Amino acid sequence: MPPSPADVQAELGERDVIQAGEEYAHNNSMVLAQSSEAVEIRPNFWRIRFGLANKPNRGVELEFDSLARKVTRAQEIEIIPGTTTPATRVPGTSEDVPSGGQGRGPIP
């Protein structure tokens, strides 16, 4: 039996969000690992997590507004292998999140 249209739409939305997060990371000089996770935390608002390839057990968490098509918050997080949630978050603020295309070094 084929998947429902809602399931297909959700999967396509998740792929688009992950791709937008990858573009944001690339534009901000982040080297991502293969793993990624995108969760819609409320309508049109996503949390995206990527592992950082050059920092073991570290990752970046982005909040993404899919209507505005922009990252609203970014912060580096600690990732404990074998868990699905980060153990410790490094504080970040939304005021210093550059828009796509603006250069910025890796998140400290």
# chains A, B, ... in the order shown; residues from 1 in each chain; ligands from 1
$ closest_atom_pairs --of "stretch 37-70 of chain A" --to "stretch 77-80 of chain A" --cutoff "10 Å" --atoms "only C-alpha atoms" --output "JSON lines"
{"residue": "A:Arg49", "atom": "CA", "partner": "A:Ile77", "partner_atom": "CA", "distance": 9.0}
{"residue": "A:Phe50", "atom": "CA", "partner": "A:Ile77", "partner_atom": "CA", "distance": 9.5}
{"residue": "A:Gly51", "atom": "CA", "partner": "A:Ile79", "partner_atom": "CA", "distance": 7.9}
{"residue": "A:Leu52", "atom": "CA", "partner": "A:Ile77", "partner_atom": "CA", "distance": 9.7}
{"residue": "A:Lys55", "atom": "CA", "partner": "A:Glu78", "partner_atom": "CA", "distance": 9.8}
{"residue": "A:Pro56", "atom": "CA", "partner": "A:Ile79", "partner_atom": "CA", "distance": 8.5}
{"residue": "A:Asn57", "atom": "CA", "partner": "A:Ile79", "partner_atom": "CA", "distance": 4.8}
{"residue": "A:Arg58", "atom": "CA", "partner": "A:Glu78", "partner_atom": "CA", "distance": 4.6}
{"residue": "A:Gly59", "atom": "CA", "partner": "A:Ile77", "partner_atom": "CA", "distance": 5.1}
{"residue": "A:Val60", "atom": "CA", "partner": "A:Ile77", "partner_atom": "CA", "distance": 5.7}
{"residue": "A:Glu61", "atom": "CA", "partner": "A:Ile77", "partner_atom": "CA", "distance": 6.7}
$ write_last_selection --atoms "C-alpha atoms" --output "PDB file, in the first residue's frame"
ATOM      1  CA  ARG A  49      20.788  18.842  14.671  1.00  0.00           C
ATOM      2  CA  PHE A  50      24.003  17.938  12.895  1.00  0.00           C
ATOM      3  CA  GLY A  51      27.197  16.383  14.156  1.00  0.00           C
ATOM      4  CA  LEU A  52      30.361  18.403  13.552  1.00  0.00           C
ATOM      5  CA  LYS A  55      34.778  18.086  16.653  1.00  0.00           C
ATOM      6  CA  PRO A  56      34.056  14.622  18.085  1.00  0.00           C
ATOM      7  CA  ASN A  57      30.986  14.488  20.345  1.00  0.00           C
ATOM      8  CA  ARG A  58      30.009  18.036  19.348  1.00  0.00           C
ATOM      9  CA  GLY A  59      27.183  19.180  17.156  1.00  0.00           C
ATOM     10  CA  VAL A  60      25.196  22.173  16.095  1.00  0.00           C
ATOM     11  CA  GLU A  61      21.511  22.709  16.795  1.00  0.00           C
TER      12      GLU A  61
END
$ residues_around --residues "A:Leu67" --least-positions-apart "2" --cutoff "12 Å" --atoms "only C-alpha atoms" --output "VMD selection string"
chain A and resid 13 16 to 17 43 to 46 64 to 65 69 to 72
$ closest_residue --among "A:Ala53, A:Ala68, A:Gly82, A:Leu62" --to "A:Val31" --atoms "only C-alpha atoms"
A:Ala53
$ atom_distance --atom1 "atom CA of A:Met30" --atom2 "atom CA of A:Glu76"
10.7 Å
$ closest_residue --among "A:Glu63, A:Arg73, A:Ala20, A:Pro81" --to "A:Val39" --atoms "only C-alpha atoms"
A:Glu63
